[in-house]
Each structure stands twice: as structure tokens, then as C-alpha cells.
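Structure data follow from protein39.cif (mmCIF, C-alpha atoms and all ligand atoms):
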```
data_final
loop_
_atom_site.label_atom_id
_atom_site.label_comp_id
_atom_site.auth_asym_id
_atom_site.auth_seq_id
_atom_site.Cartn_x
_atom_site.Cartn_y
_atom_site.Cartn_z
CA MET R 1 -12.77 -33.99 -15.17
CA ALA R 2 -10.71 -30.80 -15.21
CA VAL R 3 -8.08 -30.73 -12.48
CA LEU R 4 -8.40 -27.59 -10.40
CA ASN R 5 -5.49 -25.50 -9.20
CA PRO R 6 -4.69 -27.24 -5.91
CA HIS R 7 -2.95 -24.18 -4.47
CA PHE R 8 -6.30 -22.43 -3.91
CA GLN R 9 -6.88 -24.75 -0.99
CA LYS R 10 -3.91 -23.21 0.78
CA LEU R 11 -5.65 -19.81 0.89
CA LYS R 12 -7.16 -18.93 4.23
CA THR R 13 -10.95 -18.93 4.06
CA ASP R 14 -11.54 -16.41 6.85
CA TYR R 15 -10.54 -13.34 4.85
CA ILE R 16 -10.76 -10.48 7.35
CA PHE R 17 -12.88 -7.93 5.51
CA PRO R 18 -16.10 -9.99 5.29
CA VAL R 19 -15.74 -10.80 9.02
CA ILE R 20 -15.37 -7.09 9.82
CA GLU R 21 -18.35 -6.21 7.62
CA LYS R 22 -20.50 -8.76 9.42
CA LYS R 23 -19.49 -7.46 12.86
CA VAL R 24 -20.13 -3.85 11.81
CA SER R 25 -23.48 -4.69 10.25
CA ASP R 26 -24.55 -6.55 13.42
CA PHE R 27 -23.51 -3.53 15.49
CA LYS R 28 -25.48 -1.18 13.22
CA LYS R 29 -28.58 -3.36 13.44
CA LYS R 30 -28.41 -3.24 17.22
CA ASN R 31 -27.50 0.47 17.35
CA PRO R 32 -29.01 2.13 14.27
CA SER R 33 -28.62 5.68 15.56
CA ILE R 34 -24.96 5.51 16.68
CA PRO R 35 -22.51 7.07 14.21
CA ILE R 36 -19.44 4.94 13.51
CA PHE R 37 -15.86 6.18 13.07
CA ASN R 38 -14.49 4.13 10.23
CA LEU R 39 -10.72 3.95 10.63
CA GLY R 40 -10.62 0.57 8.98
CA VAL R 41 -10.63 0.75 5.22
CA GLY R 42 -7.56 1.97 3.42
CA ASP R 43 -9.72 3.68 0.81
CA VAL R 44 -9.65 7.41 0.13
CA SER R 45 -12.55 9.52 1.37
CA LEU R 46 -12.11 12.87 -0.39
CA PRO R 47 -13.76 13.54 -3.76
CA LEU R 48 -11.76 13.63 -6.98
CA ALA R 49 -9.62 16.76 -7.41
CA PRO R 50 -11.34 19.14 -9.89
CA LYS R 51 -8.34 19.37 -12.23
CA ILE R 52 -8.35 15.60 -12.71
CA ALA R 53 -12.09 15.44 -13.28
CA GLU R 54 -11.79 18.26 -15.81
CA ALA R 55 -9.03 16.44 -17.73
CA MET R 56 -11.10 13.26 -17.89
CA GLN R 57 -14.20 15.18 -18.97
CA SER R 58 -12.34 16.82 -21.83
CA ALA R 59 -10.85 13.46 -22.85
CA ILE R 60 -14.38 12.07 -23.12
CA GLU R 61 -15.49 15.12 -25.09
CA GLU R 62 -12.54 14.54 -27.41
CA MET R 63 -13.73 10.97 -27.91
CA THR R 64 -17.10 12.22 -29.18
CA VAL R 65 -15.38 13.82 -32.16
CA SER R 66 -12.39 11.60 -32.80
CA THR R 67 -11.73 7.92 -32.20
CA HIS R 68 -9.52 6.67 -29.42
CA GLY R 69 -9.65 2.92 -29.73
CA TYR R 70 -7.18 0.49 -28.26
CA GLY R 71 -4.20 2.34 -26.88
CA PRO R 72 -0.71 0.92 -26.37
CA PRO R 73 -0.99 -1.83 -23.69
CA GLU R 74 2.08 -0.48 -21.93
CA GLY R 75 0.50 2.98 -21.62
CA GLN R 76 0.09 6.20 -23.56
CA ASP R 77 3.32 8.05 -24.30
CA PHE R 78 1.96 11.29 -22.82
CA LEU R 79 1.55 9.59 -19.43
CA ARG R 80 4.80 7.61 -19.51
CA ASN R 81 6.63 10.83 -20.43
CA ALA R 82 4.94 12.85 -17.68
CA ILE R 83 5.73 10.23 -15.00
CA CYS R 84 9.31 9.96 -16.18
CA LYS R 85 9.87 13.72 -16.30
CA GLU R 86 8.34 14.29 -12.85
CA GLN R 87 9.62 11.28 -10.94
CA TYR R 88 12.27 9.18 -12.68
CA ALA R 89 14.37 11.13 -15.20
CA GLN R 90 16.47 12.40 -12.27
CA TYR R 91 17.62 8.79 -11.73
CA GLY R 92 18.57 8.32 -15.38
CA LEU R 93 15.42 6.34 -16.21
CA SER R 94 13.49 6.75 -19.46
CA PRO R 95 9.78 6.49 -20.40
CA ASP R 96 10.21 3.04 -21.99
CA GLU R 97 11.15 1.71 -18.55
CA ILE R 98 7.74 2.81 -17.16
CA PHE R 99 4.62 0.71 -17.72
CA ILE R 100 1.06 1.86 -17.05
CA SER R 101 -1.45 -0.53 -15.53
CA ASP R 102 -4.82 -0.57 -13.80
CA GLY R 103 -3.09 -0.37 -10.42
CA THR R 104 -0.45 -1.75 -8.12
CA ASN R 105 -2.59 -4.66 -7.00
CA SER R 106 -2.42 -6.11 -10.49
CA ASP R 107 1.30 -5.38 -10.82
CA THR R 108 2.33 -6.88 -7.48
CA CYS R 109 0.27 -9.97 -8.30
CA ALA R 110 1.70 -10.32 -11.80
CA ILE R 111 5.43 -9.82 -11.19
CA GLN R 112 5.88 -13.41 -10.00
CA GLU R 113 4.76 -14.67 -13.45
CA LEU R 114 8.16 -13.67 -14.79
CA PHE R 115 9.92 -16.10 -12.48
CA ASP R 116 10.16 -19.88 -12.59
CA THR R 117 8.02 -21.88 -10.16
CA SER R 118 11.21 -22.99 -8.46
CA CYS R 119 11.94 -19.39 -7.43
CA THR R 120 11.66 -18.47 -3.78
CA VAL R 121 9.61 -15.43 -2.84
CA GLY R 122 10.13 -13.42 0.34
CA MET R 123 7.79 -10.99 2.02
CA THR R 124 7.46 -9.50 5.46
CA ASP R 125 5.14 -10.75 8.16
CA PRO R 126 2.97 -8.69 8.67
CA THR R 127 2.44 -8.03 4.98
CA TYR R 128 0.00 -6.51 2.53
CA PRO R 129 -1.99 -9.73 2.00
CA VAL R 130 -2.21 -9.48 -1.80
CA TYR R 131 1.46 -10.50 -2.30
CA TYR R 132 0.86 -13.60 -0.25
CA GLY R 133 -2.38 -14.63 -1.95
CA ALA R 134 -1.06 -14.12 -5.48
CA ASN R 135 2.08 -16.16 -4.83
CA ILE R 136 0.12 -18.92 -3.12
CA ILE R 137 -2.23 -19.22 -6.12
CA ALA R 138 0.80 -19.36 -8.42
CA GLY R 139 2.29 -22.21 -6.35
CA LYS R 140 5.39 -20.22 -5.43
CA LYS R 141 7.45 -21.10 -2.39
CA ILE R 142 6.98 -18.27 0.09
CA TYR R 143 9.34 -17.28 2.90
CA LEU R 144 7.88 -14.98 5.49
CA LEU R 145 10.35 -12.55 7.03
CA PRO R 146 9.16 -11.86 10.58
CA THR R 147 9.15 -8.13 11.28
CA THR R 148 8.60 -7.21 14.89
CA LYS R 149 8.09 -4.39 17.33
CA GLU R 150 11.67 -4.89 18.60
CA GLN R 151 13.03 -4.00 15.15
CA GLY R 152 10.61 -1.11 14.82
CA PHE R 153 8.77 -3.04 12.09
CA ILE R 154 11.63 -2.32 9.71
CA PRO R 155 12.38 -5.46 7.65
CA LYS R 156 15.96 -6.72 7.63
CA PRO R 157 17.57 -8.72 4.79
CA PRO R 158 17.58 -12.44 5.62
CA LYS R 159 20.63 -14.72 5.81
CA GLN R 160 19.26 -17.11 3.20
CA ARG R 161 19.06 -16.62 -0.56
CA LEU R 162 15.69 -15.59 -1.98
CA ASP R 163 14.90 -14.83 -5.61
CA LEU R 164 12.16 -12.22 -5.35
CA VAL R 165 11.44 -10.10 -2.27
CA TYR R 166 8.51 -7.73 -1.79
CA ILE R 167 9.23 -4.63 0.27
CA CYS R 168 6.42 -2.23 0.99
CA THR R 169 7.75 1.20 1.97
CA PRO R 170 6.06 3.27 3.34
CA ALA R 171 4.41 0.12 4.58
CA ASN R 172 0.90 -1.14 4.78
CA PRO R 173 -0.03 -2.16 7.48
CA THR R 174 2.72 -0.95 9.84
CA GLY R 175 3.05 2.61 8.54
CA THR R 176 6.85 2.44 8.80
CA ALA R 177 9.22 3.60 6.04
CA LEU R 178 12.79 2.51 5.32
CA ASN R 179 15.41 5.25 5.51
CA PHE R 180 18.37 5.54 3.11
CA SER R 181 20.69 3.18 4.97
CA GLU R 182 17.97 0.59 5.59
CA LEU R 183 17.00 0.52 1.93
CA GLN R 184 20.67 0.52 0.90
CA GLU R 185 21.14 -2.63 2.99
CA TRP R 186 18.39 -4.34 1.00
CA VAL R 187 19.81 -3.23 -2.33
CA ASP R 188 23.30 -4.44 -1.35
CA TRP R 189 21.82 -7.73 -0.16
CA ALA R 190 19.91 -8.16 -3.43
CA ILE R 191 23.04 -7.45 -5.47
CA SER R 192 25.13 -9.95 -3.52
CA HIS R 193 22.36 -12.60 -3.51
CA GLU R 194 21.33 -12.06 -7.15
CA ALA R 195 17.79 -11.30 -6.01
CA ILE R 196 15.12 -8.97 -7.38
CA LEU R 197 13.35 -6.49 -5.10
CA CYS R 198 9.75 -5.56 -5.78
CA ILE R 199 9.33 -2.19 -4.07
CA ASP R 200 5.70 -1.34 -3.44
CA ASN R 201 5.78 2.43 -3.14
CA VAL R 202 2.08 3.29 -3.41
CA TYR R 203 2.28 5.55 -0.36
CA SER R 204 5.25 7.60 -1.61
CA SER R 205 3.27 10.85 -1.55
CA PHE R 206 2.96 10.54 2.24
CA ILE R 207 6.73 10.71 2.79
CA SER R 208 7.37 13.83 4.81
CA SER R 209 11.10 13.90 5.47
CA ASP R 210 14.37 13.97 3.50
CA GLU R 211 15.57 11.02 5.56
CA ILE R 212 13.24 8.69 3.66
CA PRO R 213 14.17 8.01 0.02
CA PRO R 214 11.44 9.25 -2.31
CA SER R 215 12.13 6.29 -4.61
CA VAL R 216 14.28 3.16 -4.43
CA TYR R 217 16.28 4.55 -7.37
CA ALA R 218 17.69 7.19 -5.03
CA ILE R 219 19.74 4.26 -3.65
CA ALA R 220 23.05 3.34 -5.27
CA GLY R 221 22.80 0.12 -7.26
CA ALA R 222 18.97 -0.08 -7.13
CA ASN R 223 18.72 0.12 -10.92
CA LYS R 224 20.43 -3.32 -11.03
CA VAL R 225 17.99 -5.13 -8.75
CA ALA R 226 14.80 -3.16 -8.03
CA ILE R 227 11.43 -2.82 -9.68
CA GLU R 228 9.30 -0.04 -8.24
CA MET R 229 5.50 0.07 -8.26
CA ARG R 230 3.36 3.14 -7.72
CA SER R 231 -0.26 4.02 -8.10
CA PHE R 232 -2.53 7.02 -8.46
CA SER R 233 -4.93 5.32 -6.02
CA LYS R 234 -3.76 6.85 -2.78
CA SER R 235 -1.82 9.84 -4.11
CA ALA R 236 -4.69 11.11 -6.28
CA GLY R 237 -7.86 9.33 -5.17
CA PHE R 238 -7.92 6.88 -8.12
CA THR R 239 -9.05 3.84 -6.14
CA GLY R 240 -12.27 3.76 -8.14
CA LEU R 241 -10.69 4.92 -11.41
CA ARG R 242 -7.75 2.47 -11.54
CA CYS R 243 -4.32 3.54 -12.76
CA GLY R 244 -0.83 2.67 -11.60
CA TYR R 245 2.65 2.13 -13.00
CA SER R 246 5.74 0.04 -12.52
CA VAL R 247 9.36 0.78 -13.36
CA TRP R 248 11.50 -1.91 -15.04
CA PRO R 249 15.01 -0.54 -15.57
CA LYS R 250 16.85 -1.87 -18.60
CA THR R 251 19.95 -1.87 -16.40
CA LEU R 252 18.60 -4.70 -14.18
CA GLU R 253 21.09 -7.52 -13.82
CA LEU R 254 18.34 -9.79 -15.10
CA SER R 255 18.30 -7.62 -18.20
CA GLN R 256 15.47 -9.53 -19.93
CA LEU R 257 12.91 -8.42 -17.36
CA ASN R 258 11.97 -5.15 -19.08
CA GLU R 259 11.36 -6.98 -22.37
CA MET R 260 9.50 -9.80 -20.62
CA TRP R 261 7.19 -7.37 -18.80
CA LEU R 262 6.48 -5.62 -22.11
CA LYS R 263 5.63 -8.97 -23.71
CA ARG R 264 3.45 -9.99 -20.80
CA THR R 265 1.63 -6.66 -20.86
CA ASN R 266 1.05 -6.95 -24.61
CA ILE R 267 -0.43 -10.42 -24.21
CA LYS R 268 -2.50 -9.91 -21.10
CA SER R 269 -3.70 -6.31 -21.31
CA ASN R 270 -5.39 -3.97 -23.73
CA GLY R 271 -4.27 -1.04 -21.67
CA VAL R 272 -5.87 1.50 -19.35
CA SER R 273 -8.64 3.68 -20.79
CA TYR R 274 -7.75 6.94 -22.49
CA PRO R 275 -9.75 9.30 -20.19
CA ILE R 276 -8.24 7.69 -17.08
CA GLN R 277 -4.73 8.17 -18.44
CA ARG R 278 -5.52 11.81 -19.26
CA GLY R 279 -6.76 12.20 -15.67
CA ALA R 280 -3.53 10.66 -14.40
CA GLU R 281 -1.49 13.02 -16.58
CA ALA R 282 -3.35 15.97 -15.02
CA CYS R 283 -1.94 14.96 -11.60
CA PHE R 284 1.38 16.38 -12.79
CA SER R 285 0.02 19.76 -13.91
CA ASP R 286 0.72 22.67 -11.56
CA GLU R 287 -2.93 22.98 -10.59
CA GLY R 288 -3.30 19.19 -10.23
CA LYS R 289 -0.23 18.99 -7.96
CA LYS R 290 -1.57 21.80 -5.81
CA GLN R 291 -5.00 20.21 -5.41
CA LEU R 292 -3.53 16.80 -4.60
CA GLN R 293 -1.15 18.29 -2.07
CA GLU R 294 -4.15 19.83 -0.30
CA GLN R 295 -5.75 16.39 -0.06
CA ILE R 296 -2.60 14.73 1.29
CA THR R 297 -2.27 17.57 3.81
CA LEU R 298 -5.79 16.87 5.05
CA TYR R 299 -5.10 13.13 5.47
CA ARG R 300 -1.85 14.04 7.25
CA GLN R 301 -3.78 16.26 9.64
CA SER R 302 -6.00 13.28 10.46
CA ALA R 303 -2.93 11.10 11.02
CA LYS R 304 -1.53 13.74 13.36
CA ILE R 305 -4.78 13.97 15.34
CA LEU R 306 -4.78 10.19 15.75
CA SER R 307 -1.06 10.01 16.67
CA ASP R 308 -1.28 12.90 19.14
CA GLY R 309 -4.38 11.35 20.68
CA LEU R 310 -2.67 7.98 21.15
CA GLU R 311 0.44 9.66 22.51
CA LYS R 312 -1.65 11.47 25.12
CA LEU R 313 -2.96 8.08 26.19
CA ASP R 314 0.63 6.88 26.47
CA GLN R 315 0.10 4.22 23.83
CA ILE R 316 2.71 2.42 21.76
CA PHE R 317 2.30 2.78 18.02
CA PHE R 318 4.21 2.96 14.75
CA GLY R 319 3.63 4.91 11.54
CA GLY R 320 1.40 7.91 10.95
CA LYS R 321 4.33 10.07 9.79
CA HIS R 322 5.26 8.90 6.31
CA SER R 323 2.16 6.84 5.78
CA PRO R 324 -1.58 7.10 6.27
CA TYR R 325 -1.51 4.10 8.62
CA ILE R 326 -1.01 3.86 12.37
CA TRP R 327 -0.07 0.50 13.81
CA TRP R 328 -1.21 0.43 17.41
CA LYS R 329 -0.03 -2.09 19.98
CA ILE R 330 -3.16 -3.25 21.71
CA PRO R 331 -3.22 -2.31 25.41
CA ILE R 332 -4.96 -5.49 26.59
CA ASP R 333 -3.89 -9.03 27.29
CA GLY R 334 -6.25 -10.47 24.67
CA ASN R 335 -5.81 -10.67 20.91
CA SER R 336 -6.35 -8.10 18.17
CA TRP R 337 -9.86 -9.34 17.31
CA GLU R 338 -10.86 -8.92 20.96
CA PHE R 339 -9.54 -5.38 20.94
CA PHE R 340 -11.35 -4.74 17.64
CA ASP R 341 -14.60 -5.78 19.39
CA ILE R 342 -13.89 -3.55 22.40
CA LEU R 343 -13.26 -0.53 20.18
CA LEU R 344 -16.35 -1.14 18.07
CA GLU R 345 -18.63 -1.75 21.01
CA ASN R 346 -17.40 1.09 23.25
CA CYS R 347 -15.85 3.73 21.00
CA HIS R 348 -17.82 2.91 17.83
CA MET R 349 -14.55 2.75 15.95
CA ILE R 350 -13.72 0.36 13.14
CA THR R 351 -10.07 -0.75 12.99
CA ILE R 352 -8.33 -3.69 11.31
CA PRO R 353 -7.03 -6.47 13.55
CA GLY R 354 -3.31 -6.92 12.93
CA SER R 355 -3.58 -10.70 12.74
CA GLY R 356 -5.24 -10.25 9.33
CA PHE R 357 -1.83 -9.24 7.98
CA GLY R 358 0.06 -12.26 9.28
CA ALA R 359 0.98 -13.98 12.53
CA CYS R 360 3.46 -11.22 13.46
CA GLY R 361 0.61 -8.72 13.18
CA GLU R 362 -1.10 -10.25 16.21
CA GLY R 363 -1.15 -7.84 19.13
CA PHE R 364 -1.73 -4.78 16.92
CA VAL R 365 -4.57 -3.02 15.16
CA ARG R 366 -4.29 -0.78 12.10
CA LEU R 367 -5.89 2.65 11.97
CA SER R 368 -6.30 4.45 8.66
CA SER R 369 -6.12 8.23 8.39
CA PHE R 370 -7.91 8.36 5.04
CA ILE R 371 -10.62 10.25 6.90
CA LYS R 372 -11.58 13.85 7.46
CA PRO R 373 -9.91 15.49 10.50
CA THR R 374 -13.34 15.88 12.15
CA ILE R 375 -13.79 12.09 12.08
CA ALA R 376 -10.29 11.57 13.51
CA LYS R 377 -11.10 14.04 16.28
CA GLY R 378 -14.42 12.30 17.04
CA ALA R 379 -12.69 8.90 17.23
CA ILE R 380 -9.95 10.19 19.53
CA ASP R 381 -12.49 11.92 21.79
CA ALA R 382 -14.46 8.66 22.06
CA LEU R 383 -11.25 6.80 22.84
CA HIS R 384 -10.18 9.29 25.51
CA HIS R 385 -13.58 9.09 27.13
CA TYR R 386 -13.43 5.30 27.20
CA PHE R 387 -9.87 5.18 28.53
CA ALA R 388 -10.75 7.70 31.24
CA THR R 389 -13.48 5.42 32.52
CA ASN R 390 -11.52 2.16 32.23
CA GLN R 391 -8.63 1.64 34.57
CA LEU R 392 -7.46 -1.31 32.49
CA PHE R 393 -6.28 0.93 29.66
CA SER R 394 -4.69 3.71 31.63
CA GLN R 395 -1.25 2.09 31.73
CA ARG R 396 1.25 1.72 28.94
CA ILE R 397 1.66 -2.04 28.46
N1 LIG W 401 -0.15 -1.88 -2.44
C1 LIG W 401 -0.44 -1.56 -1.18
C2 LIG W 401 0.61 -1.67 -0.14
C3 LIG W 401 -1.72 -1.13 -0.81
O1 LIG W 401 -1.99 -0.82 0.45
C4 LIG W 401 -2.71 -1.04 -1.82
C5 LIG W 401 -4.08 -0.63 -1.49
O2 LIG W 401 -4.51 -0.55 -0.38
C6 LIG W 401 -2.37 -1.37 -3.12
C7 LIG W 401 -1.09 -1.79 -3.40
C8 LIG W 401 -3.38 -1.33 -4.19
O3 LIG W 401 -3.12 -0.31 -5.08
P1 LIG W 401 -4.02 -0.09 -6.36
O4 LIG W 401 -5.27 0.56 -5.94
O5 LIG W 401 -3.17 0.74 -7.25
O6 LIG W 401 -4.28 -1.44 -6.96
#
```
Could you rewrite the structure in this file as C-alpha cells?
Amino acid sequence: MAVLNPHFQKLKTDYIFPVIEKKVSDFKKKNPSIPIFNLGVGDVSLPLAPKIAEAMQSAIEEMTVSTHGYGPPEGQDFLRNAICKEQYAQYGLSPDEIFISDGTNSDTCAIQELFDTSCTVGMTDPTYPVYYGANIIAGKKIYLLPTTKEQGFIPKPPKQRLDLVYICTPANPTGTALNFSELQEWVDWAISHEAILCIDNVYSSFISSDEIPPSVYAIAGANKVAIEMRSFSKSAGFTGLRCGYSVWPKTLELSQLNEMWLKRTNIKSNGVSYPIQRGAEACFSDEGKKQLQEQITLYRQSAKILSDGLEKLDQIFFGGKHSPYIWWKIPIDGNSWEFFDILLENCHMITIPGSGFGACGEGFVRLSSFIKPTIAKGAIDALHHYFATNQLFSQRI
């Protein structure tokens, strides 16, 4: 009989999203007429920007008169060039260091394939759960780096040696972003420990201050140790279209990595579809940039409504400034699932219990601002009403 991958058994069975769906569907069955404020999912809610749709439509038209078969697995030159010109040429990087993929999920899962099974992999706790799951399945040895309220949910380099470390900045779920000196500390640590940093930067377009590096390559020495991953998912509403990219500098101390990623991509992928890559290219046109900025501004407004609303209630929270996420310390003695239930039942709000992101996420819930400002306002009004009538919540805990 075929021997199954034993590591699958180490995966937790109670994945949070199905549990949330069940709770929400039970609530809806009981209360069919009550509208729900969904601050749970990290998916975009605005329609595709017209300039992007237009570019994809004309790419499809083009395909009715000329053939576009398999493209280069590592991505079309027009898109690699556009990304490089707009985002990476300023750091001395070139298009052949940029690889197109179907999104950052795939890239963050796949990076560990380039490292031996003996390699140690670090990630924060709480973490974006995909890094954890992918490395568990691959049988990698994982070290969780506890990141707490006391350190402002900013991860610190560990004392021990690790081979590959995932850093999500701006972070999901905590909404925090590393500033120049904090990221420099990680780069220096990686150089002195001969480690590789996998920087998940999918929320880069939410950065709203010069104090936060727009890319890891703005940090001295990063081109020796850091791979950066970005996606059009959250910056351009591509969650349902699928397109992302990763940067593999040829100057990495492990200089084979660029070549290895190219080889891996050539073996495992037949590339991202032509119309999608044309749509991605359109994100960098003047009109595309303007339309996308309008969308980000709207999500930011929602984040501000949520943050201001929580502040007025004297609540403790992180994020919401350089990220679409707000990480709210629960104002009850119970756990984050209990608070999830309270919010759903009384304020008709869906959140994500922090414990779903790791043990250090317990005691928090995540709110997403990928919603229209009117929804954010409705949720905050419901919350204020509930707090006003419940003594229990009126104190900062
Ligand atoms: N990385 C982080 C931190 C995310 O939060 C998400 C999506 O929520 C992704 C990656 C997935 O990106 P993509 O849609 O490009 O696969």
C-alpha cells in the first residue's frame, strides 16, 4: 500500500474558517432579516478597476486574432519590466530577478522547497497560517517566534540560528509594520546568521508613512539575504484573478537561489494567463494607478472609521494604519472565540478570533477594513450601542 505523507496528521483539523461559516450560517438561520457586518474575511470588496478590466478585455480580443499559447513560466517580459521599472529598479534590481506567479500564497508555500529538509524555518506567532501549513506538510522543522502585545507585535530576531524566516510586513493578522530600524535589525541578523528572509509584502500599498520601508530592498544589505513577495490581490483586487510576484536577487549570498527558483518555476508552472498579466501591467499605467489609489483610499477610510470607533471606546488595538487589519485586544476575561460569539450575537459583526493565527493570537480578534465605509460605520455604531448598554465593556482592560 502507498505510504501517505505522515506530516499531514500534524495539521490542525479545526481550521477556523469552516467553524466561522457554520456559526454565521446558524445565526442567519435564526435571524434571517438581520444584516451582518462582515469584518472577517481578508478579501477585497470593491469591483475591478475599469482600466484593468479594459486591458484584460483587449488582451482577450487580441487572442481572437492571434495566438497566445504557453507564455514564459517565469512571466511575460512586459510585466516583469513594468514591475521592475515601477518598484525595483531604484534598488538596482533587474527584471530577470522578478518572477510572476498566480499569487503570494503559492510563492510563500513553495519557497521552502529550495531548502533541505534539515533546514529550520522560523515564523512569528501569531502568523499568516499558510506559512505554517506549507512547512508542516513539507516536514520542515518550524520555530515559532512569539510576538506579543508588550513588543507591540513587532517581531524581534531570535538568539538561535534559523535558516529561513518568514516576516510579514505590513502584517496579517496584527496589522503592524516594521520601520527602517526594525527591518534593518532583521537584515543584519540574517547576514550574521547566514539566514534567508522571506518578506511577505502583499500589503505594501497600504503603507502610509515614510517611516515604513516601501520594500525590504530599501534596507542596506537586504539584497544579500531577502526575498520579497508581493501580489496584485490586495493592491488591485486580483484575489479572484490570481497574479503575484517574487523577487530573487542575484546578489543573494546563497547565489544559486535565483537560478533554482527559475528551474523550479519552469518545472512546476506553465505560467499565468496572458490576459491576467496584461491586466496586472495596466495597474502601472497612470489611469490604473489613479483608480487603484482611489480603492485603497476607500479601504483606508474604513480602517480609520474602525480605529476611531475603537479609540472612542477606549479599546486597545494595533494596526489599521499601514495595513487593512485591526488587531483588537478583547475586553473580556474569556477567550477570542467567546468574544467572537458576543460580537456576532449582539452587534451582528463577523471578526476572526486571534487564536486561529497561533497561540499568541489568543486574547485578540482581527477586523478587516476591506469593506465600504458605510459598513464600517454601521459596525461601529452597533458596537457603540452595545458597549453603552453593557457595563462590562466600558472599561479599558
Ligand atoms: N500573504 C498574506 C499575508 C495574506 O494575507 C494573503 C491573503 O490574505 C496572501 C499572502 C495571499 O495572497 P495571494 O492572493 O496573492 O495568494
Counting only C-alpha atoms, which residues of segment 262-303 of chain R sit at most 10 Å from some atom of segment 200-216 of chain R, and what is each one's closest atom pair with its distance in Å to one decimal, listed by chain and rising residue number, as CSV?
```
residue,atom,partner,partner_atom,distance
R:Leu292,CA,R:Ser205,CA,9.5
R:Gln293,CA,R:Ser205,CA,8.7
R:Ile296,CA,R:Phe206,CA,7.0
R:Thr297,CA,R:Phe206,CA,8.9
R:Tyr299,CA,R:Phe206,CA,9.1
R:Arg300,CA,R:Phe206,CA,7.8
```
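Rounded to one decimal, atom CA of Thr176 of chain R and atom CA of Leu306 of chain R lie 15.6 Å from each other.
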Take every atom of segment 320-329 of chain R listed in the file, pad by 5 Å on each side, and give me the axis-aligned box centre and edge lengths in Å, one decimal, as JSON.
```
{"center_x": 1.8, "center_y": 4.0, "center_z": 12.9, "size_x": 16.8, "size_y": 22.2, "size_z": 24.2}
```
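What separates atom CA of Arg161 of chain R from atom CA of Asn179 of chain R is a distance of 23.0 Å.
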Discussion item. The residues within 10 Å of (-3.3, -2.1, 11.2), using all atoms listed in the file and the coordinates of the file, should be reported as a ChimeraX atom specification; which are they?
Written reply: /R:39-42,126,172-175,318-319,325-329,336,351-357,361-362,364-368
Practice prompt. Could you give me, as JSON, numbers by chain, every polymer residue with an atom at most 7 Å away from an atom of ligand LIG 401 (chain W), counting only C-alpha atoms and all ligand atoms?
Written response: {"R": [42, 43, 102, 103, 104, 105, 106, 128, 168, 171, 172, 200, 202, 230, 231, 232, 233, 239, 242, 243, 244]}
Worksheet item: What gap, in Å, lies between atom CA of Gln256 of chain R and atom CA of Ile196 of chain R?
Response: 12.6 Å
Item to complete: Kindly extract all protein, DNA and RNA residues lying within 8 Å of the coordinates (-0.8, 9.6, -20.7) given in the file, considering all atoms listed in the file, and supply them as a PyMOL selection string.
Response: chain R and resi 75-82+274+277-278+280-281
